[in-house]
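Student: So here's data21.cif, just mmCIF, C-alpha atoms:
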data_start
loop_
_atom_site.label_atom_id
_atom_site.label_comp_id
_atom_site.auth_asym_id
_atom_site.auth_seq_id
_atom_site.Cartn_x
_atom_site.Cartn_y
_atom_site.Cartn_z
CA MET X 10 102.00 88.43 106.06
CA ARG X 11 99.54 91.30 106.42
CA LYS X 12 96.25 90.66 108.18
CA LYS X 13 93.23 89.44 106.23
CA ILE X 14 90.12 90.84 107.89
CA ALA X 15 86.38 90.28 107.69
CA ALA X 16 84.86 93.37 109.32
CA ALA X 17 81.14 93.74 109.98
CA ASN X 18 79.57 97.19 110.15
CA TRP X 19 76.10 96.92 111.66
CA LYS X 20 75.56 100.68 111.23
CA MET X 21 72.35 101.83 112.99
CA ASN X 22 70.60 98.48 112.86
CA LEU X 23 69.26 95.75 115.17
CA THR X 24 67.90 95.86 118.70
CA LEU X 25 70.07 94.58 121.53
CA GLN X 26 68.23 91.28 121.47
CA GLN X 27 68.66 90.93 117.71
CA GLY X 28 72.35 91.75 118.03
CA GLU X 29 72.82 89.11 120.70
CA ALA X 30 71.07 86.53 118.53
CA LEU X 31 73.23 87.47 115.54
CA LEU X 32 76.47 87.05 117.48
CA ASP X 33 75.27 83.78 118.98
CA GLY X 34 74.47 82.55 115.48
CA LEU X 35 77.89 83.56 114.19
CA LEU X 36 79.65 81.84 117.09
CA ALA X 37 77.66 78.66 116.48
CA GLN X 38 79.37 78.34 113.09
CA SER X 39 82.64 76.47 112.67
CA TYR X 40 85.69 78.49 111.61
CA GLN X 41 89.30 77.53 111.09
CA LEU X 42 90.97 80.91 111.25
CA GLN X 43 94.68 81.12 110.53
CA PRO X 44 97.00 83.41 112.56
CA HIS X 45 96.86 86.10 109.85
CA GLN X 46 93.03 86.18 109.76
CA GLU X 47 90.75 88.34 111.93
CA VAL X 48 87.06 89.05 112.37
CA VAL X 49 85.98 92.51 113.55
CA VAL X 50 82.39 93.40 114.43
CA ALA X 51 81.49 97.11 114.60
CA VAL X 52 78.30 97.45 116.63
CA PRO X 53 76.27 100.48 117.85
CA PHE X 54 77.64 102.10 121.01
CA PRO X 55 75.02 100.66 123.44
CA TYR X 56 75.91 97.09 122.39
CA LEU X 57 79.67 97.30 122.85
CA THR X 58 79.76 95.73 126.31
CA MET X 59 77.48 92.88 125.26
CA ALA X 60 79.59 92.21 122.17
CA VAL X 61 82.86 92.31 124.11
CA GLN X 62 81.49 89.84 126.65
CA LYS X 63 80.51 87.43 123.89
CA LEU X 64 83.68 87.73 121.80
CA GLN X 65 86.52 88.43 124.23
CA GLN X 66 87.32 84.74 124.71
CA VAL X 67 87.00 83.90 121.00
CA PRO X 68 90.42 83.85 119.28
CA GLN X 69 90.85 86.39 116.49
CA PHE X 70 87.37 87.92 116.96
CA TYR X 71 87.30 91.60 117.94
CA VAL X 72 84.71 94.27 118.66
CA ALA X 73 84.92 97.71 117.03
CA ALA X 74 83.18 100.99 117.66
CA GLN X 75 81.71 102.79 114.66
CA ASN X 76 83.14 106.17 115.61
CA CYS X 77 84.95 108.17 118.30
CA TYR X 78 85.76 111.75 119.19
CA THR X 79 89.14 113.46 119.11
CA LYS X 80 89.26 114.49 122.77
CA ALA X 81 90.08 112.22 125.73
CA SER X 82 87.34 113.66 127.99
CA GLY X 83 85.38 116.80 128.69
CA ALA X 84 82.13 118.64 127.99
CA TYR X 85 81.31 117.02 124.66
CA THR X 86 77.77 115.78 125.15
CA GLY X 87 76.88 112.84 122.96
CA GLU X 88 80.48 112.01 122.00
CA VAL X 89 82.57 108.99 123.01
CA SER X 90 86.33 109.02 123.55
CA VAL X 91 88.95 106.37 122.88
CA ASP X 92 89.48 106.09 126.65
CA ILE X 93 85.81 105.28 127.17
CA LEU X 94 85.87 102.69 124.40
CA GLN X 95 88.98 101.04 125.78
CA SER X 96 87.47 100.94 129.26
CA VAL X 97 84.82 98.53 127.95
CA GLY X 98 87.35 96.41 126.07
CA VAL X 99 87.21 97.93 122.58
CA GLN X 100 90.49 98.37 120.67
CA HIS X 101 89.25 98.81 117.08
CA ILE X 102 87.47 101.95 115.86
CA VAL X 103 85.98 102.67 112.44
CA ILE X 104 86.45 106.28 111.36
CA GLY X 105 85.78 108.29 108.23
CA HIS X 106 82.98 106.11 106.93
CA SER X 107 81.33 107.68 103.89
CA GLU X 108 78.14 108.18 105.87
CA ARG X 109 80.01 110.10 108.56
CA ARG X 110 81.69 112.23 105.89
CA GLU X 111 78.43 112.93 104.04
CA TYR X 112 75.86 113.29 106.83
CA PHE X 113 78.10 114.80 109.52
CA GLN X 114 80.56 116.72 107.32
CA GLU X 115 83.66 115.06 108.71
CA SER X 116 86.69 116.49 106.93
CA ASN X 117 90.02 114.90 106.13
CA GLN X 118 91.65 117.18 108.69
CA PHE X 119 89.18 116.21 111.41
CA LEU X 120 89.82 112.54 110.63
CA ALA X 121 93.55 113.11 110.95
CA GLU X 122 92.86 114.22 114.54
CA LYS X 123 90.80 111.07 115.15
CA VAL X 124 93.60 108.90 113.77
CA ASP X 125 96.03 110.56 116.15
CA ALA X 126 93.69 110.18 119.13
CA ILE X 127 93.24 106.47 118.43
CA LEU X 128 96.91 105.69 117.82
CA ALA X 129 97.95 107.69 120.90
CA LYS X 130 96.05 105.15 123.01
CA GLY X 131 97.42 102.12 121.18
CA ALA X 132 94.09 101.28 119.53
CA THR X 133 93.52 100.37 115.88
CA PRO X 134 91.84 102.81 113.48
CA ILE X 135 89.93 101.35 110.53
CA PHE X 136 90.18 104.34 108.22
CA CYS X 137 87.60 104.57 105.45
CA CYS X 138 88.18 106.29 102.12
CA GLY X 139 86.45 106.27 98.76
CA GLU X 140 84.83 108.36 96.04
CA PRO X 141 81.20 109.24 95.20
CA LEU X 142 79.59 108.65 91.80
CA PRO X 143 80.34 112.05 90.17
CA VAL X 144 84.05 111.62 90.94
CA ARG X 145 84.10 108.09 89.49
CA GLU X 146 82.19 109.20 86.37
CA ALA X 147 84.76 111.97 85.85
CA ASN X 148 87.54 109.36 86.23
CA GLU X 149 89.04 111.39 89.07
CA GLN X 150 88.88 108.66 91.72
CA ASN X 151 92.64 108.23 92.04
CA ALA X 152 93.29 111.87 92.86
CA PHE X 153 90.28 111.94 95.19
CA VAL X 154 91.33 108.98 97.34
CA ALA X 155 94.99 110.01 97.22
CA LYS X 156 94.00 113.34 98.78
CA GLN X 157 92.10 111.51 101.53
CA LEU X 158 95.24 109.53 102.39
CA GLN X 159 97.49 112.56 102.17
CA GLU X 160 95.39 114.83 104.38
CA SER X 161 94.41 112.25 106.99
CA LEU X 162 97.31 109.78 107.20
CA TYR X 163 100.52 111.09 105.68
CA HIS X 164 101.52 113.01 108.79
CA LEU X 165 102.06 109.62 110.46
CA SER X 166 105.46 108.02 110.91
CA ALA X 167 106.41 104.84 109.06
CA GLU X 168 105.88 102.92 112.29
CA ALA X 169 102.46 104.44 112.98
CA ILE X 170 101.00 104.02 109.48
CA GLN X 171 101.42 100.24 109.77
CA LYS X 172 98.98 100.25 112.70
CA VAL X 173 96.19 101.64 110.50
CA VAL X 174 93.73 99.43 108.63
CA ILE X 175 92.40 101.09 105.48
CA ALA X 176 88.91 100.35 104.12
CA TYR X 177 88.14 101.49 100.58
CA GLU X 178 84.47 102.21 99.88
CA PRO X 179 83.29 102.68 96.29
CA ILE X 180 80.47 104.99 97.35
CA TRP X 181 79.33 105.14 93.72
CA ALA X 182 78.54 101.39 93.81
CA ILE X 183 76.60 101.34 97.09
CA GLY X 184 72.84 101.61 96.68
CA THR X 185 73.12 103.08 93.17
CA GLY X 186 72.42 99.96 91.14
CA LYS X 187 75.96 100.14 89.76
CA THR X 188 78.33 97.29 90.56
CA ALA X 189 82.07 97.39 91.07
CA THR X 190 83.85 94.40 89.55
CA SER X 191 86.61 92.52 91.31
CA ALA X 192 88.97 93.96 88.70
CA GLN X 193 87.90 97.50 89.61
CA ALA X 194 88.38 96.69 93.28
CA GLN X 195 91.88 95.38 92.61
CA GLU X 196 92.73 98.39 90.46
CA ILE X 197 91.93 100.97 93.14
CA HIS X 198 93.44 98.86 95.93
CA ALA X 199 96.66 98.53 93.93
CA PHE X 200 96.63 102.30 93.42
CA LEU X 201 96.18 102.91 97.15
CA ARG X 202 99.07 100.59 97.93
CA SER X 203 101.25 102.28 95.32
CA GLU X 204 100.46 105.65 96.89
CA LEU X 205 101.46 104.33 100.31
CA ALA X 206 104.62 102.87 98.77
CA GLY X 207 105.48 106.22 97.25
CA LYS X 208 105.27 107.84 100.69
CA TYR X 209 106.60 105.08 102.97
CA GLY X 210 108.31 102.50 100.73
CA ALA X 211 107.08 99.24 99.25
CA ALA X 212 107.92 97.09 102.28
CA ILE X 213 105.76 99.18 104.60
CA ALA X 214 102.93 99.52 102.07
CA ASP X 215 102.90 95.75 101.67
CA ASN X 216 102.32 95.43 105.42
CA ILE X 217 99.12 97.52 105.49
CA SER X 218 95.75 95.78 105.23
CA ILE X 219 93.34 97.38 102.72
CA LEU X 220 89.75 96.17 102.97
CA TYR X 221 87.07 96.45 100.31
CA GLY X 222 83.79 98.05 101.37
CA GLY X 223 81.59 97.78 98.31
CA SER X 224 78.66 95.42 98.84
CA VAL X 225 80.66 92.35 99.80
CA LYS X 226 78.40 89.30 99.90
CA ALA X 227 78.76 85.55 100.28
CA ASN X 228 78.51 85.08 96.52
CA ASN X 229 81.33 87.48 95.61
CA ALA X 230 83.63 87.33 98.63
CA ILE X 231 85.92 84.58 97.34
CA GLU X 232 86.48 86.35 94.02
CA LEU X 233 87.05 89.73 95.68
CA PHE X 234 89.37 88.36 98.35
CA SER X 235 91.42 86.50 95.74
CA GLN X 236 92.62 89.82 94.33
CA PRO X 237 96.25 90.39 95.38
CA ASP X 238 95.67 93.79 97.00
CA VAL X 239 92.26 93.12 98.58
CA ASP X 240 92.82 92.03 102.19
CA GLY X 241 89.23 91.35 103.21
CA GLY X 242 86.07 93.39 103.47
CA LEU X 243 84.17 95.97 105.46
CA VAL X 244 80.71 94.45 105.18
CA GLY X 245 77.43 96.28 105.64
CA GLY X 246 74.09 94.63 104.92
CA ALA X 247 75.44 91.12 104.54
CA SER X 248 76.95 91.29 108.03
CA LEU X 249 73.43 91.36 109.48
CA ILE X 250 72.70 87.84 108.19
CA VAL X 251 74.42 84.96 110.00
CA GLU X 252 74.84 82.70 106.99
CA GLU X 253 76.07 85.52 104.76
CA PHE X 254 78.70 86.87 107.12
CA ALA X 255 79.83 83.40 108.18
CA ALA X 256 80.45 82.57 104.53
CA ILE X 257 82.39 85.82 104.10
CA ILE X 258 84.57 84.95 107.10
CA LYS X 259 85.25 81.53 105.60
CA ALA X 260 86.21 83.17 102.29
CA LEU X 261 89.23 84.93 103.85
CA PRO X 262 92.42 83.82 102.09
#
Rewrite the structure of this file - the entire thing - as structure tokens.
Tutor:
Amino acid sequence: MRKKIAAANWKMNLTLQQGEALLDGLLAQSYQLQPHQEVVVAVPFPYLTMAVQKLQQVPQFYVAAQNCYTKASGAYTGEVSVDILQSVGVQHIVIGHSERREYFQESNQFLAEKVDAILAKGATPIFCCGEPLPVREANEQNAFVAKQLQESLYHLSAEAIQKVVIAYEPIWAIGTGKTATSAQAQEIHAFLRSELAGKYGAAIADNISILYGGSVKANNAIELFSQPDVDGGLVGGASLIVEEFAAIIKALP
């Protein structure tokens, strides 16, 4: 069975003290995670060590970085390598988030290099994809996300692609007042899996976790996660509220 994952993306939020309090609040909740279920918390770089210390002894809870660079070391001021992240106990790395693509012009080709850098060290990339509003309104979302997969992931072997977690973000439904339905989430997730099946075969595609990153909240998590091709969520704002994210964790199928 493929992994079902509740992933928190704190983005550029919270002070260290607020982050500590949030993790303490989450850990004070009672969970009954099954072997196929995981919780991943992507925190700002300065909080990684704190988060690892709090979560490293908690079964099926993991800490993620929100980004990395393609090089292992060198004169790249302000960047952080996979080696550095692993040295503080981090094995999951979010890459290609829509905000990184939009604000920092990260291309599909550049993200392919990041995927390779992460996999070369045995870490887990959480690869984000998704379309903006004009693409959705033109009904060109399938071709758009297919190109993201093709240019960033399809150079990988069948063995390597199964080590990637994919997170689909309906950028058009985030902060626009528009809402993606669970049926729309299932539709695009099923398309993504069919694309992977076309490249790697159905058995491999069925082994890849695809998370939904479109305003997952406590009140819609159960419905979203019940969709056959939705394997959990990459959660933004709701992950900053203990009760909300705890409920999302408990909604994992």
Student: So which residues touch Gln159 (chain X) within 12 Å, counting all atoms listed in the file, skipping near sequence neighbours fewer than 4 positions away, as a list in words?
Tutor: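 Here the qualifying residues turn out to be Asn117, Gln118, Leu120, Ala121, Cys138, Ala152, Phe153, Val154, Ala155, Tyr163, His164, Leu165, Ile170, Leu201, Glu204, Leu205, Gly207, Lys208 and Tyr209 of chain X.
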Student: Tell me, as JSON, numbers by chain, which residues lie within 12 Å of Asn229 (chain X), counting all atoms listed in the file; anything in the same chain fewer than 2 positions away does not count.
Tutor: {"X": [188, 189, 190, 191, 194, 221, 223, 224, 225, 226, 227, 231, 232, 233, 234, 235, 236, 241, 242, 244, 247, 253, 254, 256, 257, 260, 261]}
Student: Please evaluate the PyMOL selection byres ((chain X and resi 132) around 12) against the structure above and give the resulting residues as an MDAnalysis selection string.
Tutor: chainID X and resid 71:74 77 90:96 98:103 123:131 133:135 169 172:174
Student: Grab the CA of Gln43 (chain X) to CA of Val67 (chain X) distance for me, in Å with one decimal place.
Tutor: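 Between CA of Gln43 (chain X) and CA of Val67 (chain X) the gap is 13.3 Å.
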Student: Could you tell me, as a list in words, exactly which residues end up selected when the PyMOL selection byres ((chain X and resi 53) around 8) is applied to this structure?
Tutor: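 Output of the PyMOL selection byres ((chain X and resi 53) around 8): Trp19, Lys20, Met21, Asn22, Ala51, Val52, Phe54, Pro55, Tyr56, Leu57, Ala74 and Gln75 of chain X.
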Student: I need the chosen residues saved as a compact mmCIF listing (two decimals), in the frame of the given file, with C-alpha atoms.
Tutor:
# COMPACT_ATOMS: atom_id res chain seq x y z
CA TRP X 19 76.10 96.92 111.66
CA LYS X 20 75.56 100.68 111.23
CA MET X 21 72.35 101.83 112.99
CA ASN X 22 70.60 98.48 112.86
CA ALA X 51 81.49 97.11 114.60
CA VAL X 52 78.30 97.45 116.63
CA PHE X 54 77.64 102.10 121.01
CA PRO X 55 75.02 100.66 123.44
CA TYR X 56 75.91 97.09 122.39
CA LEU X 57 79.67 97.30 122.85
CA ALA X 74 83.18 100.99 117.66
CA GLN X 75 81.71 102.79 114.66
Student: Please write the residues picked by the PyMOL selection byres ((chain X and resi 28) around 10) on this file as a PyMOL selection string.
Tutor: chain X and resi 19+22-27+29-34+52-53+56+59-60+249
Student: Would you kindly return, as a ChimeraX atom specification, each protein, DNA or RNA residue with an atom no farther than 10 Å from any atom of region 110-116 of chain X, considering only C-alpha atoms and excluding same-chain residues fewer than 3 positions away?
Tutor: /X:104-107,119-121,137-138,141,157,160-161
Student: Counting only C-alpha atoms, figure out which residue out of X:Ala37, X:Glu196, X:Val48, X:Ala212 gets nearest to Pro237 (chain X).
Tutor: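 Going through X:Ala37, X:Glu196, X:Val48, X:Ala212 one by one, the smallest distance to Pro237 (chain X) is for X:Glu196.
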Student: Between CA of Phe200 (chain X) and CA of Glu122 (chain X), what is the distance, to one decimal in Å?
Tutor: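 A separation of 24.5 Å between them.
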Student: Please compute the CA of Leu64 (chain X)-CA of Arg109 (chain X) distance, one decimal, in Å.
Tutor: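 CA of Arg109 (chain X) lies 26.3 Å from CA of Leu64 (chain X).
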Student: Could you pull out every residue with an atom within 6 Å of (87.2, 105.9, 99.4), file coordinates, counting only C-alpha atoms, and send them as a VMD selection string?
Tutor: chain X and resid 138 to 140 154 177 to 179
Student: Any chance you could build region 65-76 of chain X out to all heavy atoms and write it as a tab-separated table (two decimals), keeping the file's coordinate frame?
Tutor:
chain	number	residue	atom	x	y	z
X	65	GLN	N	85.18	88.22	123.68
X	65	GLN	CA	86.52	88.43	124.23
X	65	GLN	C	87.31	87.14	124.43
X	65	GLN	O	88.54	87.16	124.45
X	65	GLN	CB	86.44	89.20	125.55
X	65	GLN	CG	85.68	88.52	126.66
X	65	GLN	CD	85.52	89.40	127.88
X	65	GLN	OE1	86.13	90.48	127.97
X	65	GLN	NE2	84.71	88.98	128.84
X	66	GLN	N	86.62	86.01	124.55
X	66	GLN	CA	87.32	84.74	124.71
X	66	GLN	C	87.42	83.96	123.40
X	66	GLN	O	87.89	82.82	123.39
X	66	GLN	CB	86.61	83.88	125.75
X	66	GLN	CG	86.51	84.52	127.13
X	66	GLN	CD	87.86	84.84	127.74
X	66	GLN	OE1	88.84	84.10	127.55
X	66	GLN	NE2	87.94	85.95	128.47
X	67	VAL	N	86.98	84.58	122.30
X	67	VAL	CA	87.00	83.90	121.00
X	67	VAL	C	88.24	84.35	120.23
X	67	VAL	O	88.37	85.53	119.90
X	67	VAL	CB	85.73	84.23	120.18
X	67	VAL	CG1	85.72	83.44	118.87
X	67	VAL	CG2	84.48	83.92	121.00
X	68	PRO	N	89.18	83.45	119.96
X	68	PRO	CA	90.42	83.85	119.28
X	68	PRO	C	90.16	84.54	117.95
X	68	PRO	O	89.34	84.08	117.15
X	68	PRO	CB	91.15	82.51	119.07
X	68	PRO	CG	90.58	81.61	120.12
X	68	PRO	CD	89.14	82.01	120.26
X	69	GLN	N	90.83	85.65	117.75
X	69	GLN	CA	90.85	86.39	116.49
X	69	GLN	C	89.51	87.05	116.14
X	69	GLN	O	89.30	87.47	115.01
X	69	GLN	CB	91.34	85.50	115.34
X	69	GLN	CG	92.82	85.17	115.47
X	69	GLN	CD	93.16	83.80	114.92
X	69	GLN	OE1	93.11	82.80	115.63
X	69	GLN	NE2	93.49	83.75	113.65
X	70	PHE	N	88.60	87.15	117.11
X	70	PHE	CA	87.37	87.92	116.96
X	70	PHE	C	87.50	89.18	117.81
X	70	PHE	O	87.88	89.11	118.98
X	70	PHE	CB	86.15	87.12	117.42
X	70	PHE	CG	85.55	86.24	116.37
X	70	PHE	CD1	86.23	85.13	115.88
X	70	PHE	CD2	84.29	86.51	115.84
X	70	PHE	CE1	85.68	84.31	114.92
X	70	PHE	CE2	83.73	85.69	114.87
X	70	PHE	CZ	84.42	84.59	114.40
X	71	TYR	N	87.16	90.33	117.24
X	71	TYR	CA	87.30	91.60	117.94
X	71	TYR	C	86.05	92.45	117.76
X	71	TYR	O	85.34	92.31	116.77
X	71	TYR	CB	88.52	92.37	117.42
X	71	TYR	CG	89.81	91.61	117.54
X	71	TYR	CD1	90.28	90.83	116.48
X	71	TYR	CD2	90.55	91.64	118.72
X	71	TYR	CE1	91.47	90.12	116.59
X	71	TYR	CE2	91.73	90.92	118.84
X	71	TYR	CZ	92.18	90.16	117.78
X	71	TYR	OH	93.34	89.44	117.88
X	72	VAL	N	85.82	93.34	118.72
X	72	VAL	CA	84.71	94.27	118.66
X	72	VAL	C	85.25	95.65	118.30
X	72	VAL	O	86.28	96.08	118.82
X	72	VAL	CB	83.96	94.34	120.00
X	72	VAL	CG1	82.82	95.36	119.94
X	72	VAL	CG2	83.42	92.96	120.37
X	73	ALA	N	84.53	96.35	117.41
X	73	ALA	CA	84.92	97.71	117.03
X	73	ALA	C	83.78	98.67	117.33
X	73	ALA	O	82.61	98.31	117.28
X	73	ALA	CB	85.27	97.78	115.55
X	74	ALA	N	84.16	99.91	117.63
X	74	ALA	CA	83.18	100.99	117.66
X	74	ALA	C	83.06	101.57	116.26
X	74	ALA	O	83.96	101.44	115.44
X	74	ALA	CB	83.64	102.07	118.64
X	75	GLN	N	81.94	102.23	115.99
X	75	GLN	CA	81.71	102.79	114.66
X	75	GLN	C	82.18	104.23	114.54
X	75	GLN	O	82.10	104.83	113.46
X	75	GLN	CB	80.21	102.72	114.31
X	75	GLN	CG	79.68	101.31	114.22
X	75	GLN	CD	78.18	101.26	113.93
X	75	GLN	OE1	77.57	102.27	113.57
X	75	GLN	NE2	77.60	100.10	114.09
X	76	ASN	N	82.71	104.78	115.63
X	76	ASN	CA	83.14	106.17	115.61
X	76	ASN	C	83.79	106.50	116.94
X	76	ASN	O	83.69	105.71	117.90
X	76	ASN	CB	81.95	107.10	115.37
X	76	ASN	CG	82.35	108.55	115.13
X	76	ASN	OD1	83.42	108.83	114.62
X	76	ASN	ND2	81.47	109.47	115.50
